[in-house]
Every structure is written in structure tokens, then in C-alpha cells.
file target_25.txt (compact mmCIF, C-alpha atoms)
# COMPACT_ATOMS: atom_id res chain seq x y z
CA VAL D 1 190.08 143.32 27.26
CA TYR D 2 189.69 139.60 27.98
CA ALA D 3 191.13 139.98 31.49
CA PHE D 4 188.93 143.01 32.15
CA ALA D 5 185.86 141.05 31.06
CA LEU D 6 186.79 138.14 33.35
CA ASN D 7 187.21 140.53 36.27
CA GLU D 8 183.78 142.05 35.68
CA LYS D 9 182.24 138.60 35.34
CA GLY D 10 183.83 137.66 38.66
CA LYS D 11 182.26 140.70 40.34
CA ASP D 12 178.88 139.86 38.86
CA LEU D 13 179.05 136.24 40.07
CA SER D 14 180.16 137.39 43.51
CA ASP D 15 177.18 139.77 43.75
CA LYS D 16 174.92 136.83 42.94
CA GLY D 17 176.43 134.78 45.77
CA LYS D 18 178.34 132.43 43.46
CA ILE D 19 181.68 133.06 45.15
CA SER D 20 183.39 129.85 44.06
CA ASP D 21 182.61 130.56 40.40
CA ALA D 22 183.73 134.16 40.89
CA LEU D 23 187.08 133.01 42.26
CA SER D 24 187.60 130.83 39.18
CA GLU D 25 187.02 133.84 36.92
CA TRP D 26 189.37 136.03 38.95
CA ALA D 27 192.00 133.30 38.87
CA SER D 28 191.82 133.24 35.07
CA ALA D 29 191.85 137.04 34.87
CA ARG D 30 194.85 137.34 37.17
CA SER D 31 196.77 134.61 35.36
CA CYS D 32 196.17 136.38 32.05
CA VAL D 33 197.32 139.76 33.36
CA THR D 34 200.36 138.34 35.16
CA GLU D 35 201.46 136.52 32.02
CA VAL D 36 201.34 139.79 30.07
CA ILE D 37 203.25 141.71 32.76
CA GLU D 38 205.98 139.10 33.09
CA SER D 39 206.43 138.66 29.34
CA THR D 40 206.59 142.38 28.55
CA LYS D 41 209.58 144.54 29.49
CA ASP D 42 207.93 147.77 28.37
CA ARG D 43 207.21 149.60 31.64
CA SER D 44 204.82 152.06 30.04
CA PHE D 45 202.83 149.15 28.63
CA ASN D 46 202.80 147.38 31.99
CA ARG D 47 201.39 150.48 33.68
CA LEU D 48 198.10 149.62 32.01
CA PHE D 49 198.01 146.10 33.45
CA ILE D 50 199.40 146.44 36.97
CA PRO D 51 196.40 148.52 38.16
CA LEU D 52 194.08 145.92 36.61
CA ARG D 53 195.77 143.14 38.57
CA GLU D 54 195.51 145.21 41.74
CA ASN D 55 191.82 145.74 41.03
CA ILE D 56 191.32 141.99 40.57
CA ASP D 57 193.10 141.33 43.87
CA GLU D 58 191.02 143.93 45.72
CA SER D 59 187.78 142.48 44.33
CA LEU D 60 188.77 138.95 45.27
CA ILE D 61 189.93 139.82 48.79
CA SER D 62 186.85 141.93 49.51
CA ALA D 63 184.49 139.23 48.24
CA CYS D 64 186.24 136.48 50.24
CA LYS D 65 186.06 138.47 53.46
CA ALA D 66 182.41 139.38 53.01
CA GLU D 67 181.32 135.85 52.09
CA THR D 68 183.30 134.07 54.82
CA LYS D 69 182.02 136.54 57.41
CA ASN D 70 178.44 135.64 56.49
CA LEU D 71 179.23 131.92 56.46
CA SER D 72 180.91 132.10 59.86
CA LYS D 73 177.85 133.82 61.33
CA ALA D 74 175.72 131.01 59.91
CA ASP D 75 178.07 128.46 61.55
CA LYS D 76 179.24 127.24 58.14
CA VAL D 77 182.92 127.21 59.02
CA GLU D 78 183.84 124.41 56.62
CA GLU D 79 182.49 126.34 53.62
CA ALA D 80 184.26 129.50 54.78
CA VAL D 81 187.56 127.63 55.07
CA LYS D 82 187.26 126.26 51.52
CA ILE D 83 186.64 129.73 50.10
CA LEU D 84 189.63 131.25 51.88
CA GLU D 85 191.88 128.36 50.87
CA GLN D 86 190.76 128.83 47.26
CA GLY D 87 191.29 132.59 47.48
CA LEU D 88 194.80 132.27 48.91
CA LYS D 89 195.83 130.00 46.05
CA ILE D 90 195.08 132.94 43.77
CA VAL D 91 196.26 135.90 45.86
CA ASP D 92 198.79 135.70 48.68
CA ASP D 93 197.22 138.23 51.04
CA ASP D 94 198.05 138.59 54.74
CA SER D 95 194.53 139.60 55.78
CA LEU D 96 193.11 136.45 54.15
CA ARG D 97 195.79 134.34 55.86
CA GLU D 98 194.86 135.81 59.24
CA HIS D 99 191.16 135.21 58.63
CA LEU D 100 191.83 131.61 57.60
CA ALA D 101 194.13 131.05 60.58
CA GLY D 102 191.31 132.21 62.83
CA LEU D 103 188.92 129.70 61.28
CA TYR D 104 191.47 126.88 61.66
CA CYS D 105 191.69 127.78 65.36
CA GLU D 106 187.92 127.80 65.62
CA ARG D 107 187.85 124.29 64.20
CA GLY D 108 190.66 123.30 66.56
CA TYR D 109 188.80 124.37 69.69
CA LYS D 110 185.66 122.68 68.42
CA LYS D 111 187.49 119.38 67.97
CA LEU D 112 189.17 119.77 71.35
CA GLY D 113 185.77 119.91 73.01
CA ASP D 114 184.32 116.99 71.04
CA GLU D 115 184.04 114.17 73.58
CA LYS D 116 183.02 111.75 70.80
CA LEU D 117 186.60 111.83 69.51
CA LYS D 118 187.87 110.72 72.94
CA ASN D 119 191.69 110.76 73.06
CA LYS D 120 191.86 111.41 69.31
CA ARG D 121 190.54 114.92 69.94
CA PHE D 122 193.96 116.14 71.11
CA PRO D 123 195.96 115.39 67.91
CA ALA D 124 192.91 116.29 65.78
CA ALA D 125 192.70 119.73 67.38
CA ARG D 126 196.48 120.21 67.21
CA GLU D 127 196.41 119.55 63.48
CA GLU D 128 194.05 122.52 63.00
CA PHE D 129 196.18 124.85 65.13
CA GLU D 130 199.29 123.72 63.24
CA LYS D 131 197.57 124.62 59.95
CA ALA D 132 197.06 128.10 61.35
CA LEU D 133 200.74 128.40 62.31
CA LYS D 134 201.80 127.19 58.87
CA ILE D 135 200.18 130.19 57.21
CA LYS D 136 200.72 132.62 60.15
CA PRO D 137 203.89 131.50 62.02
CA ASP D 138 203.50 134.02 64.85
CA TYR D 139 199.75 133.64 65.31
CA LYS D 140 199.32 133.83 69.09
CA ARG D 141 195.90 132.19 69.20
CA ALA D 142 197.24 129.12 67.38
CA LYS D 143 200.22 128.80 69.74
CA GLU D 144 197.92 129.08 72.73
CA GLY D 145 195.63 126.50 71.14
CA ILE D 146 198.45 123.98 70.72
CA GLY D 147 199.47 124.69 74.31
CA THR D 148 195.92 123.97 75.44
CA THR D 149 195.81 120.64 73.58
CA TYR D 150 199.04 119.45 75.20
CA ASN D 151 197.88 120.75 78.59
CA ASN D 152 194.52 118.98 78.41
CA GLU D 153 196.11 115.80 77.15
CA GLY D 154 198.64 115.93 80.00
CA VAL D 155 195.94 116.48 82.62
CA ALA D 156 194.02 113.50 81.23
CA GLN D 157 196.98 111.19 81.93
CA LYS D 158 196.88 109.10 85.10
CA ASN D 159 200.62 108.50 84.97
CA SER D 160 202.82 111.47 85.93
CA ASP D 161 205.66 110.20 83.71
CA LYS D 162 203.33 110.50 80.72
CA ALA D 163 201.78 113.77 81.88
CA ILE D 164 205.00 115.72 82.48
CA PRO D 165 206.40 115.62 78.88
CA LEU D 166 203.02 116.75 77.51
CA LEU D 167 202.76 119.61 80.00
CA LEU D 168 206.34 120.68 79.24
CA LYS D 169 205.39 120.75 75.57
CA ALA D 170 202.34 122.86 76.43
CA LEU D 171 204.59 125.36 78.20
CA GLU D 172 206.78 125.65 75.09
CA TYR D 173 203.80 127.00 73.15
CA ASP D 174 202.23 129.08 75.92
CA SER D 175 204.97 129.99 78.38
CA ASN D 176 202.89 132.61 80.22
CA SER D 177 199.97 130.33 81.06
CA SER D 178 199.48 130.11 84.83
CA VAL D 179 197.11 127.17 84.28
CA ILE D 180 199.75 125.11 82.47
CA LYS D 181 202.38 126.01 85.10
CA GLU D 182 200.11 124.90 87.93
CA ASN D 183 199.21 121.65 86.15
CA LEU D 184 202.89 120.91 85.51
CA ALA D 185 203.73 121.69 89.13
CA GLY D 186 200.95 119.31 90.16
CA ALA D 187 202.39 116.58 87.96
CA TYR D 188 205.86 117.12 89.43
CA ASN D 189 204.38 116.91 92.92
CA GLY D 190 202.52 113.72 91.99
CA LYS D 191 205.73 112.13 90.73
CA ALA D 192 207.57 113.09 93.93
CA VAL D 193 204.81 111.59 96.09
CA GLU D 194 204.96 108.35 94.07
CA ILE D 195 208.71 108.16 94.68
CA ILE D 196 208.45 108.95 98.41
CA ASN D 197 205.68 106.40 98.92
CA SER D 198 207.78 103.69 97.27
CA LEU D 199 210.84 104.25 99.47
CA ASP D 200 212.16 101.67 101.94
CA ARG D 201 215.52 100.96 103.62
CA TYR D 202 216.77 99.34 100.42
CA SER D 203 216.06 102.37 98.21
CA SER D 204 218.96 104.41 96.89
CA VAL D 205 219.49 108.01 97.93
CA SER D 206 219.33 108.96 94.26
CA ARG D 207 215.60 108.17 94.27
CA VAL D 208 215.00 110.66 97.06
CA GLU D 209 217.14 113.22 95.27
CA GLU D 210 214.97 112.73 92.19
CA ALA D 211 211.89 113.51 94.28
CA ILE D 212 213.59 116.61 95.73
CA SER D 213 214.59 117.73 92.24
CA VAL D 214 211.07 117.56 90.80
CA LEU D 215 209.60 119.24 93.89
CA LYS D 216 212.03 122.14 93.45
CA LYS D 217 210.90 122.45 89.84
CA ALA D 218 207.31 122.60 91.08
CA VAL D 219 208.19 125.33 93.60
CA LYS D 220 209.89 127.41 90.91
CA LEU D 221 206.84 127.14 88.66
CA LEU D 222 204.52 128.28 91.43
CA ASN D 223 206.83 130.91 92.92
CA PRO D 224 209.60 131.93 90.48
CA SER D 225 210.83 134.69 92.81
CA LEU D 226 211.68 132.34 95.70
CA GLU D 227 215.40 132.59 96.42
CA GLN D 228 217.62 129.52 96.52
CA SER D 229 218.46 130.12 100.18
CA ALA D 230 214.76 129.96 101.06
CA MET D 231 214.38 126.79 98.98
CA ASP D 232 217.28 125.17 100.87
CA ALA D 233 215.79 126.23 104.21
CA ILE D 234 212.48 124.54 103.33
CA GLU D 235 214.30 121.37 102.30
CA TYR D 236 215.94 121.21 105.73
CA ALA D 237 212.95 122.47 107.72
CA GLY D 238 211.83 119.02 108.83
CA ASP D 239 208.84 119.12 111.21
CA ALA D 240 209.20 122.89 111.46
CA ILE D 241 207.61 123.14 108.02
CA ASP D 242 204.20 123.08 109.74
CA ILE D 243 205.11 126.30 111.54
CA VAL D 244 206.53 127.86 108.35
CA THR D 245 203.35 127.14 106.37
CA SER D 246 200.82 127.65 109.19
CA ASN D 247 199.64 131.02 107.88
CA MET D 248 199.34 129.83 104.29
CA GLU D 249 196.01 129.00 102.74
CA ASP D 250 195.59 125.41 101.58
CA SER D 251 196.97 125.26 98.06
CA LEU D 252 199.18 123.23 95.75
CA TYR D 253 202.08 125.52 96.66
CA LYS D 254 201.69 124.75 100.38
CA THR D 255 201.49 121.02 99.63
CA VAL D 256 204.65 121.12 97.52
CA LEU D 257 206.58 122.95 100.23
CA LYS D 258 205.54 120.36 102.83
CA ASN D 259 206.48 117.51 100.52
CA LEU D 260 209.89 119.09 99.89
CA ALA D 261 210.52 119.17 103.63
CA VAL D 262 209.40 115.54 103.93
CA ALA D 263 211.69 114.50 101.06
CA GLY D 264 214.58 116.32 102.73
CA GLN D 265 213.90 114.42 105.95
CA PHE D 266 213.86 111.14 104.06
CA ARG D 267 217.24 111.85 102.51
CA ARG D 268 218.79 112.62 105.88
CA SER D 269 217.23 109.58 107.55
CA MET D 270 218.31 107.22 104.76
CA ARG D 271 221.91 107.95 105.55
CA GLY D 272 221.28 106.40 108.95
CA TRP D 273 219.70 103.20 107.62
call {"tool": "encode", "arguments": {"input": "target_25.txt", "output": "C-alpha cells"}}
result
Amino acid sequence: VYAFALNEKGKDLSDKGKISDALSEWASARSCVTEVIESTKDRSFNRLFIPLRENIDESLISACKAETKNLSKADKVEEAVKILEQGLKIVDDDSLREHLAGLYCERGYKKLGDEKLKNKRFPAAREEFEKALKIKPDYKRAKEGIGTTYNNEGVAQKNSDKAIPLLLKALEYDSNSSVIKENLAGAYNGKAVEIINSLDRYSSVSRVEEAISVLKKAVKLLNPSLEQSAMDAIEYAGDAIDIVTSNMEDSLYKTVLKNLAVAGQFRRSMRGW
């Protein structure tokens, strides 16, 4: 009777818009019912209480969804998050977890776009997406969000050696993103150009081979279907690369191919120094 009364009080408070107070009543009601169920081995007796607990759960879940939907529309995301976090402490429900994960992602994208946070916006946004993954491990939007934070942080780097690890991390979370692949290919190309521009007769061949290696990685990101034989032909194309790429539109891919041919030429010429 006490648990039933608490449940009804929770419904009444929820109808009046006092959702936080309602959740407290439902928490007490559920705790009371669960204690009875777990302490009683009489199945026939428990049949009276299990439906009551289910009713409490349904009331709580329904009220949380309705209230957080209204709060989200009013751009009161912080209040909506608190209600869902409070609700999940009482009832472990997948639909509430998904709703909360969505709000964490919403906060993540908001922080990612907050220029006032400067470089702190990347880890701040990631923290929100990670909260979403903690409660929904396979939540695609959260994985894509983390990928975006690493991608944007990588693009913001002026040093390719700092950019590449971040972009690789981005690809781990969002492996199908063409944007991340192109940015990573661009970083690889930038690193290769830095190496080539620093070469002189005293440079080791291994430095040129490093440039060739990263350029090949860039090619594979931009054109995964390119066969190894074609890749080798481009590396040894030399000046003929201008003919090979003459019908191509200007693009990162065209630039990378030309740089691969240049790097190949450098390696061959260095053996004559």
C-alpha cells in the first residue's frame, strides 16, 4: 500500500511539472517493492508486486521522456541531462540511455563549435562523446563525434607530425569518413613535402624512402583500389608524370601522385651523388 501510494504521488507530481520530486517518490516506491520481492521467496506473493514495479518503471520512463523532450525544445539541455541521469540511477532502461547519449552528443558538438574554449574545445567535446559511449558503447553518433574532434584538432595543427597521430585516431572512430581520409592524406603529403624540401647531397636515402612511404599511404587513402603495380609505375614515372596526370582535374590526389614521382626521382638521383 505504501509503495502504491508513493507511485501515485510520483504521477501527481509529474503531472504538475515537478519531475525531480516525482523521481524521488518513484525511487522510494521502487526500492520498497524491490526489497519485498527480493526478501520473499513466495512466487504467488511476488506476483502482486512485480506488476507494481513494472508500473513504476513505465511511469518513470514515460515522464522522463516527455519532460526531457520539452526541455530540449526549450534549449534547456543541461536540465534534461540531469533528469535523465537521475532517472537512470533508478531504472536501467535502454531507451533512456539512448536519449541521454543523444544529449551528451548535442553538448559535445556545442562545445566543439565554441571558439571561446579555443584548443580546450577538443578535449571538452570529446569528454561529452565519451560519456555517451560509456552508457551506449555502440552509439554511432558518439563515435563519429569523437572522430570529428580528433579530425578538427588534427587539421588545426601546423605541424604534420602532430597532425598525423590525431587524424589516425579520428579514423579509428570513424573509418568511413571521406573527410578524415582526405585530411590525413593531406597531412601525409605535407610531411613528404617537408622531407623533400629539406634534402641535400648529405641526406640519407632513408629520408627519401620515408617521404615515399607516407606518399603511398596518402595514395591508398585517396584511391584504395589502385594496384601496387600502378603505384610502382608512378614512383618511377619521373617527368612523364605530367603526361600521366594531364587529364586529371586539380586535386589533392593529383598533387600526391606528382610528389610521389618527384620523390622517386630524388631517390634515384641520390644514388649518383
call {"tool": "closest_residue", "arguments": {"input": "target_25.txt", "among": "D:Ala3, D:Ala192, D:Gly186, D:Ser59", "to": "Val36 of chain D", "atoms": "only C-alpha atoms"}}
result
D:Ala3
call {"tool": "closest_residue", "arguments": {"input": "target_25.txt", "among": "D:Leu215, D:Leu96, D:Val179, D:Ala240", "to": "Ala132 of chain D", "atoms": "all atoms listed in the file"}}
result
D:Leu96
call {"tool": "residues_around", "arguments": {"input": "target_25.txt", "residues": "Ile195 of chain D", "least_positions_apart": "3", "cutoff": "8 Å", "atoms": "only C-alpha atoms", "output": "number ranges by chain"}}
result
D: 191-192, 198-199, 207-208, 211
call {"tool": "residues_near_point", "arguments": {"input": "target_25.txt", "point": "(187.8, 133.6, 43.1)", "cutoff": "10 Å", "atoms": "only C-alpha atoms", "output": "ChimeraX atom specification"}}
result
/D:7,10-11,13-14,18-30,56-57,59-61,63-64,83-84,86-91
call {"tool": "write_last_selection", "arguments": {"input": "target_25.txt", "atoms": "C-alpha atoms", "output": "short mmCIF file (atom, residue, chain, number, x, y, z; two decimals), keeping the file's coordinate frame"}}
result
data_model
loop_
_atom_site.label_atom_id
_atom_site.label_comp_id
_atom_site.auth_asym_id
_atom_site.auth_seq_id
_atom_site.Cartn_x
_atom_site.Cartn_y
_atom_site.Cartn_z
CA ASN D 7 187.21 140.53 36.27
CA GLY D 10 183.83 137.66 38.66
CA LYS D 11 182.26 140.70 40.34
CA LEU D 13 179.05 136.24 40.07
CA SER D 14 180.16 137.39 43.51
CA LYS D 18 178.34 132.43 43.46
CA ILE D 19 181.68 133.06 45.15
CA SER D 20 183.39 129.85 44.06
CA ASP D 21 182.61 130.56 40.40
CA ALA D 22 183.73 134.16 40.89
CA LEU D 23 187.08 133.01 42.26
CA SER D 24 187.60 130.83 39.18
CA GLU D 25 187.02 133.84 36.92
CA TRP D 26 189.37 136.03 38.95
CA ALA D 27 192.00 133.30 38.87
CA SER D 28 191.82 133.24 35.07
CA ALA D 29 191.85 137.04 34.87
CA ARG D 30 194.85 137.34 37.17
CA ILE D 56 191.32 141.99 40.57
CA ASP D 57 193.10 141.33 43.87
CA SER D 59 187.78 142.48 44.33
CA LEU D 60 188.77 138.95 45.27
CA ILE D 61 189.93 139.82 48.79
CA ALA D 63 184.49 139.23 48.24
CA CYS D 64 186.24 136.48 50.24
CA ILE D 83 186.64 129.73 50.10
CA LEU D 84 189.63 131.25 51.88
CA GLN D 86 190.76 128.83 47.26
CA GLY D 87 191.29 132.59 47.48
CA LEU D 88 194.80 132.27 48.91
CA LYS D 89 195.83 130.00 46.05
CA ILE D 90 195.08 132.94 43.77
CA VAL D 91 196.26 135.90 45.86
#
call {"tool": "closest_residue", "arguments": {"input": "target_25.txt", "among": "D:Asp114, D:Lys136, D:Asn223, D:Ala170", "to": "Asp94 of chain D", "atoms": "only C-alpha atoms"}}
result
D:Lys136
call {"tool": "closest_residue", "arguments": {"input": "target_25.txt", "among": "D:Lys82, D:Lys69, D:Arg53, D:Lys9", "to": "Cys32 of chain D", "atoms": "only C-alpha atoms"}}
result
D:Arg53
call {"tool": "closest_atom_pairs", "arguments": {"input": "target_25.txt", "of": "segment 33-130 of chain D", "to": "segment 143-166 of chain D", "cutoff": "12 Å", "atoms": "only C-alpha atoms", "output": "tab-separated table"}}
result
residue	atom	partner	partner_atom	distance
D:Ala101	CA	D:Lys143	CA	11.2
D:Gly102	CA	D:Gly145	CA	11.0
D:Tyr104	CA	D:Gly145	CA	10.4
D:Cys105	CA	D:Gly145	CA	7.1
D:Glu106	CA	D:Gly145	CA	9.6
D:Arg107	CA	D:Gly145	CA	10.7
D:Gly108	CA	D:Gly145	CA	7.5
D:Tyr109	CA	D:Gly145	CA	7.3
D:Lys110	CA	D:Gly145	CA	11.0
D:Lys111	CA	D:Thr149	CA	10.1
D:Leu112	CA	D:Thr149	CA	7.1
D:Gly113	CA	D:Thr149	CA	10.1
D:Lys118	CA	D:Glu153	CA	10.6
D:Asn119	CA	D:Glu153	CA	7.9
D:Lys120	CA	D:Glu153	CA	9.9
D:Arg121	CA	D:Thr149	CA	8.6
D:Phe122	CA	D:Thr149	CA	5.5
D:Pro123	CA	D:Thr149	CA	7.7
D:Ala124	CA	D:Thr149	CA	9.4
D:Ala125	CA	D:Thr149	CA	7.0
D:Arg126	CA	D:Ile146	CA	5.5
D:Glu127	CA	D:Ile146	CA	8.7
D:Glu128	CA	D:Ile146	CA	9.0
D:Phe129	CA	D:Ile146	CA	6.1
D:Glu130	CA	D:Ile146	CA	7.5
call {"tool": "atom_distance", "arguments": {"input": "target_25.txt", "atom1": "atom CA of Leu171 of chain D", "atom2": "atom CA of Ala185 of chain D"}}
result
11.6 Å
call {"tool": "axis_aligned_box", "arguments": {"input": "target_25.txt", "around": "segment 45-62 of chain D", "padding_each_side": "8 Å", "output": "lines of an AutoDock Vina configuration file"}}
result
center_x = 194.8
center_y = 144.7
center_z = 39.1
size_x = 32.0
size_y = 27.5
size_z = 36.9
call {"tool": "closest_residue", "arguments": {"input": "target_25.txt", "among": "D:Glu54, D:Ser31, D:Val214, D:Arg43", "to": "Gly190 of chain D", "atoms": "only C-alpha atoms"}}
result
D:Val214
call {"tool": "atom_distance", "arguments": {"input": "target_25.txt", "atom1": "atom CA of Ala233 of chain D", "atom2": "atom CA of Asp200 of chain D"}}
result
24.9 Å
call {"tool": "residues_around", "arguments": {"input": "target_25.txt", "residues": "segment 71-81 of chain D", "least_positions_apart": "3", "cutoff": "7 Å", "atoms": "all atoms listed in the file", "output": "ChimeraX atom specification"}}
result
/D:67-68,84-85,100,103
call {"tool": "closest_residue", "arguments": {"input": "target_25.txt", "among": "D:Ile212, D:Leu252, D:Ile234, D:Val244", "to": "Lys181 of chain D", "atoms": "only C-alpha atoms"}}
result
D:Leu252
call {"tool": "decode", "arguments": {"input": "target_25.txt", "residues": "segment 52-70 of chain D", "atoms": "N, CA, C and O atoms", "output": "short mmCIF file (atom, residue, chain, number, x, y, z; two decimals), in the first residue's frame"}}
result
data_model
loop_
_atom_site.label_atom_id
_atom_site.label_comp_id
_atom_site.auth_asym_id
_atom_site.auth_seq_id
_atom_site.Cartn_x
_atom_site.Cartn_y
_atom_site.Cartn_z
N LEU D 52 3.54 -4.09 -10.05
CA LEU D 52 3.61 -2.76 -9.47
C LEU D 52 4.96 -2.11 -9.81
O LEU D 52 5.01 -0.93 -10.18
N ARG D 53 6.03 -2.89 -9.70
CA ARG D 53 7.35 -2.36 -10.05
C ARG D 53 7.41 -2.00 -11.53
O ARG D 53 7.98 -0.97 -11.91
N GLU D 54 6.81 -2.83 -12.35
CA GLU D 54 6.79 -2.55 -13.79
C GLU D 54 6.01 -1.27 -14.08
O GLU D 54 6.38 -0.48 -14.95
N ASN D 55 4.92 -1.07 -13.31
CA ASN D 55 4.12 0.14 -13.48
C ASN D 55 4.90 1.38 -13.06
O ASN D 55 4.82 2.43 -13.70
N ILE D 56 5.66 1.25 -11.98
CA ILE D 56 6.51 2.36 -11.52
C ILE D 56 7.53 2.71 -12.59
O ILE D 56 7.73 3.87 -12.93
N ASP D 57 8.17 1.66 -13.15
CA ASP D 57 9.18 1.87 -14.19
C ASP D 57 8.58 2.56 -15.42
O ASP D 57 9.17 3.50 -15.98
N GLU D 58 7.41 2.10 -15.84
CA GLU D 58 6.75 2.68 -17.02
C GLU D 58 6.41 4.15 -16.78
O GLU D 58 6.59 5.00 -17.68
N SER D 59 5.93 4.45 -15.57
CA SER D 59 5.57 5.84 -15.24
C SER D 59 6.80 6.73 -15.27
O SER D 59 6.78 7.84 -15.81
N LEU D 60 7.88 6.23 -14.66
CA LEU D 60 9.13 6.99 -14.60
C LEU D 60 9.70 7.24 -16.00
O LEU D 60 10.06 8.37 -16.34
N ILE D 61 9.79 6.18 -16.79
CA ILE D 61 10.38 6.29 -18.13
C ILE D 61 9.56 7.25 -19.00
O ILE D 61 10.11 8.11 -19.69
N SER D 62 8.24 7.09 -18.95
CA SER D 62 7.36 7.95 -19.75
C SER D 62 7.50 9.42 -19.35
O SER D 62 7.57 10.31 -20.20
N ALA D 63 7.55 9.66 -18.05
CA ALA D 63 7.65 11.04 -17.55
C ALA D 63 9.00 11.66 -17.92
O ALA D 63 9.07 12.83 -18.32
N CYS D 64 10.08 10.88 -17.82
CA CYS D 64 11.41 11.37 -18.17
C CYS D 64 11.49 11.76 -19.64
O CYS D 64 12.02 12.81 -20.01
N LYS D 65 10.95 10.90 -20.49
CA LYS D 65 10.97 11.17 -21.93
C LYS D 65 10.19 12.43 -22.28
O LYS D 65 10.65 13.28 -23.05
N ALA D 66 9.00 12.54 -21.70
CA ALA D 66 8.14 13.69 -22.00
C ALA D 66 8.77 15.00 -21.53
O ALA D 66 8.79 15.99 -22.26
N GLU D 67 9.31 14.97 -20.30
CA GLU D 67 9.88 16.20 -19.73
C GLU D 67 11.16 16.62 -20.47
O GLU D 67 11.35 17.80 -20.77
N THR D 68 12.04 15.65 -20.75
CA THR D 68 13.29 16.00 -21.42
C THR D 68 13.06 16.43 -22.88
O THR D 68 13.82 17.25 -23.40
N LYS D 69 12.01 15.92 -23.48
CA LYS D 69 11.67 16.35 -24.84
C LYS D 69 11.29 17.83 -24.84
O LYS D 69 11.73 18.60 -25.69
N ASN D 70 10.47 18.21 -23.86
CA ASN D 70 10.06 19.61 -23.74
C ASN D 70 11.25 20.51 -23.40
O ASN D 70 11.37 21.62 -23.94
#
